[in-house]
Amino acid sequence: MYVMLQTLDDHKPTWQDRLGTPGMMIRPRGDTMEINTHNTESWDMYTKTLDNFLSPYNNSLQAEKNDECTPDQYFIQGDIGDVKNNLKRSCQFNRSLLQECSGLDDHTYGYQTGKPCIIIKLNRVIGMLPGKDGQAPFVTCGAKVTGKDEWKEDSDKIGEVAYYPENGTFNLMYYPYYGKKAQVNYSQPLVAIKFLNITLNEDINIECRIISNNIPSGSERDKFAGKVSFKLRINTKH
């Protein structure tokens, strides 16, 4: 057992064969989100969740801990001599990049006006380079595709979706990730989506996917890889 333990790398898992397509997560969490624009209590917990989640991304904290990196290219950092996985620097992801979904100007994140924001992040995968030929991966959201007839009509109900940063991209400069021991200040890049004119007073089934030219679009072993789905309902009636 001792000999086997000596072969393990403290900074990188020995096997990552199941992580070809990273998972996606949303904030606020939940398979179903239902709010009423006339009832503050129905969405107050969501805005508090977003406040807490985004607080480490405050511009002042990012400037203190992380670097201003060159966008649109990988931030490759080699080891120094024989020091394997020496402390790596990390790139700033400023909360202000999320613009209308940053919570800086609109502290309700659009929930009060029926134009809610959802934050998306990719799971961390050590060493992943998500994109080739300078093409960054991006997020796209639409109606969840199923065999149920009632869900086929949702594409007309979602309406216009705004993405922040522009085009919903995960910039290449945040990759590769070197692990939490080597990259202690790493800030995962985020994408915010804002529903601008979603159909009100109805259940809308939504699916968001990661689009990349070198990340497989799903996995036979994990049907949720590279995508996330949820139900959103915005009520406007008292």
# chains A, B, ... in the order shown; residues from 1 in each chain; ligands from 1
>>> closest_atom_pairs(of="segment 54-119 of chain A", to="segment 184-196 of chain A", cutoff="6 Å", atoms="only C-alpha atoms", output="tab-separated table")
residue	atom	partner	partner_atom	distance
A:Ser90	CA	A:Tyr186	CA	5.2
A:Lys115	CA	A:Leu196	CA	5.2
A:Pro116	CA	A:Lys194	CA	5.7
A:Cys117	CA	A:Lys194	CA	4.4
A:Ile118	CA	A:Ile193	CA	5.3
A:Ile119	CA	A:Ala192	CA	4.4
>>> select_by_dssp(residues="segment 24-59 of chain A", states="strand (DSSP E)", output="list in words")
Met24, Met25, Ile26, Arg27, Thr32, Met33, Glu34, Ile35 and Asn36 of chain A
>>> residues_around(residues="Pro56 of chain A", least_positions_apart="5", cutoff="12 Å", atoms="only C-alpha atoms", output="ChimeraX atom specification")
/A:50-51,61-66,92-95,185-189
>>> residues_around(residues="segment 130-146 of chain A", least_positions_apart="5", cutoff="6 Å", atoms="only C-alpha atoms", output="number ranges by chain")
A: 154-155, 168-172, 205-214
>>> write_last_selection(atoms="N, CA and C atoms", output="short mmCIF file (atom, residue, chain, number, x, y, z; two decimals), in the first residue's frame")
data_model
loop_
_atom_site.label_atom_id
_atom_site.label_comp_id
_atom_site.auth_asym_id
_atom_site.auth_seq_id
_atom_site.Cartn_x
_atom_site.Cartn_y
_atom_site.Cartn_z
N ASP A 154 -41.91 24.95 -26.28
CA ASP A 154 -41.22 25.87 -25.39
C ASP A 154 -40.23 26.77 -26.12
N SER A 155 -39.76 26.36 -27.29
CA SER A 155 -38.81 27.19 -28.02
C SER A 155 -39.40 28.54 -28.38
N GLY A 168 -21.54 34.57 -24.55
CA GLY A 168 -21.55 33.47 -23.60
C GLY A 168 -20.30 32.62 -23.61
N THR A 169 -19.15 33.25 -23.83
CA THR A 169 -17.90 32.50 -23.98
C THR A 169 -17.15 32.32 -22.66
N PHE A 170 -16.46 31.19 -22.55
CA PHE A 170 -15.47 30.95 -21.51
C PHE A 170 -14.11 31.24 -22.14
N ASN A 171 -13.53 32.37 -21.82
CA ASN A 171 -12.30 32.79 -22.49
C ASN A 171 -11.17 31.78 -22.26
N LEU A 172 -10.36 31.59 -23.28
CA LEU A 172 -9.28 30.60 -23.21
C LEU A 172 -8.25 30.92 -22.13
N ASN A 205 -39.44 24.82 -19.97
CA ASN A 205 -38.35 23.85 -19.79
C ASN A 205 -37.15 24.27 -20.63
N ILE A 206 -36.04 24.49 -19.97
CA ILE A 206 -34.87 25.10 -20.60
C ILE A 206 -33.67 24.17 -20.48
N GLU A 207 -32.85 24.16 -21.51
CA GLU A 207 -31.61 23.39 -21.49
C GLU A 207 -30.47 24.27 -22.01
N CYS A 208 -29.36 24.30 -21.26
CA CYS A 208 -28.17 25.03 -21.68
C CYS A 208 -27.04 24.04 -21.95
N ARG A 209 -26.29 24.30 -23.01
CA ARG A 209 -25.22 23.39 -23.43
C ARG A 209 -23.92 24.15 -23.64
N ILE A 210 -22.81 23.43 -23.47
CA ILE A 210 -21.51 23.97 -23.83
C ILE A 210 -21.20 23.56 -25.27
N ILE A 211 -20.80 24.52 -26.07
CA ILE A 211 -20.45 24.27 -27.47
C ILE A 211 -18.95 24.53 -27.65
N SER A 212 -18.24 23.50 -28.10
CA SER A 212 -16.80 23.63 -28.29
C SER A 212 -16.38 22.74 -29.45
N ASN A 213 -15.32 23.14 -30.13
CA ASN A 213 -14.87 22.35 -31.27
C ASN A 213 -13.95 21.20 -30.86
N ASN A 214 -13.73 21.01 -29.56
CA ASN A 214 -12.95 19.83 -29.16
C ASN A 214 -13.44 19.21 -27.85
#
>>> closest_residue(among="A:Asn167, A:Ser229, A:Gln73, A:Thr108", to="Lys48 of chain A", atoms="only C-alpha atoms")
A:Thr108
>>> closest_residue(among="A:Leu122, A:Met24, A:Ala162, A:Leu87", to="Glu100 of chain A", atoms="only C-alpha atoms")
A:Ala162
>>> closest_residue(among="A:Asn235, A:Pro165, A:Asn58, A:Ile126", to="His38 of chain A", atoms="only C-alpha atoms")
A:Asn235
>>> atom_distance(atom1="atom CA of Phe230 of chain A", atom2="atom CA of Thr32 of chain A")
5.7 Å
>>> atom_distance(atom1="atom CA of Tyr177 of chain A", atom2="atom CA of Met128 of chain A")
6.8 Å
>>> select_by_dssp(residues="segment 86-238 of chain A", states="alpha helix (DSSP H)", output="ChimeraX atom specification")
/A:149-152
>>> residues_around(residues="Thr37 of chain A", least_positions_apart="3", cutoff="9 Å", atoms="only C-alpha atoms", output="list in words")
Thr40, Ser42, Trp43, Tyr111, Gln112, Thr113, Gly114, Ile234, Asn235, Thr236, Lys237 and His238 of chain A
>>> write_last_selection(atoms="N, CA and C atoms", output="JSON list (two decimals), in the first residue's frame")
[["chain", "number", "residue", "atom", "x", "y", "z"],
["A", 40, "THR", "N", -41.86, 39.47, -3.07],
["A", 40, "THR", "CA", -40.43, 39.54, -2.84],
["A", 40, "THR", "C", -39.87, 38.24, -2.27],
["A", 42, "SER", "N", -40.60, 35.28, -2.86],
["A", 42, "SER", "CA", -40.47, 34.19, -3.83],
["A", 42, "SER", "C", -39.14, 34.20, -4.55],
["A", 43, "TRP", "N", -38.46, 35.34, -4.61],
["A", 43, "TRP", "CA", -37.18, 35.40, -5.30],
["A", 43, "TRP", "C", -36.04, 35.94, -4.43],
["A", 111, "TYR", "N", -34.97, 39.57, -11.24],
["A", 111, "TYR", "CA", -36.08, 38.76, -10.75],
["A", 111, "TYR", "C", -37.32, 39.61, -10.45],
["A", 112, "GLN", "N", -37.10, 40.81, -9.99],
["A", 112, "GLN", "CA", -38.23, 41.68, -9.66],
["A", 112, "GLN", "C", -39.02, 42.10, -10.89],
["A", 113, "THR", "N", -38.35, 42.18, -12.02],
["A", 113, "THR", "CA", -39.00, 42.63, -13.25],
["A", 113, "THR", "C", -39.37, 41.48, -14.19],
["A", 114, "GLY", "N", -39.17, 40.24, -13.74],
["A", 114, "GLY", "CA", -39.51, 39.09, -14.59],
["A", 114, "GLY", "C", -38.50, 38.83, -15.69],
["A", 234, "ILE", "N", -42.32, 32.19, -14.24],
["A", 234, "ILE", "CA", -42.39, 33.54, -13.72],
["A", 234, "ILE", "C", -43.86, 33.96, -13.67],
["A", 235, "ASN", "N", -44.38, 34.07, -12.48],
["A", 235, "ASN", "CA", -45.76, 34.48, -12.30],
["A", 235, "ASN", "C", -45.85, 35.98, -12.09],
["A", 236, "THR", "N", -46.87, 36.56, -12.68],
["A", 236, "THR", "CA", -47.07, 38.01, -12.52],
["A", 236, "THR", "C", -48.42, 38.33, -11.91],
["A", 237, "LYS", "N", -49.14, 37.29, -11.53],
["A", 237, "LYS", "CA", -50.47, 37.50, -10.96],
["A", 237, "LYS", "C", -50.39, 37.47, -9.45],
["A", 238, "HIS", "N", -51.17, 38.33, -8.80],
["A", 238, "HIS", "CA", -51.20, 38.38, -7.34],
["A", 238, "HIS", "C", -51.79, 37.07, -6.79]]
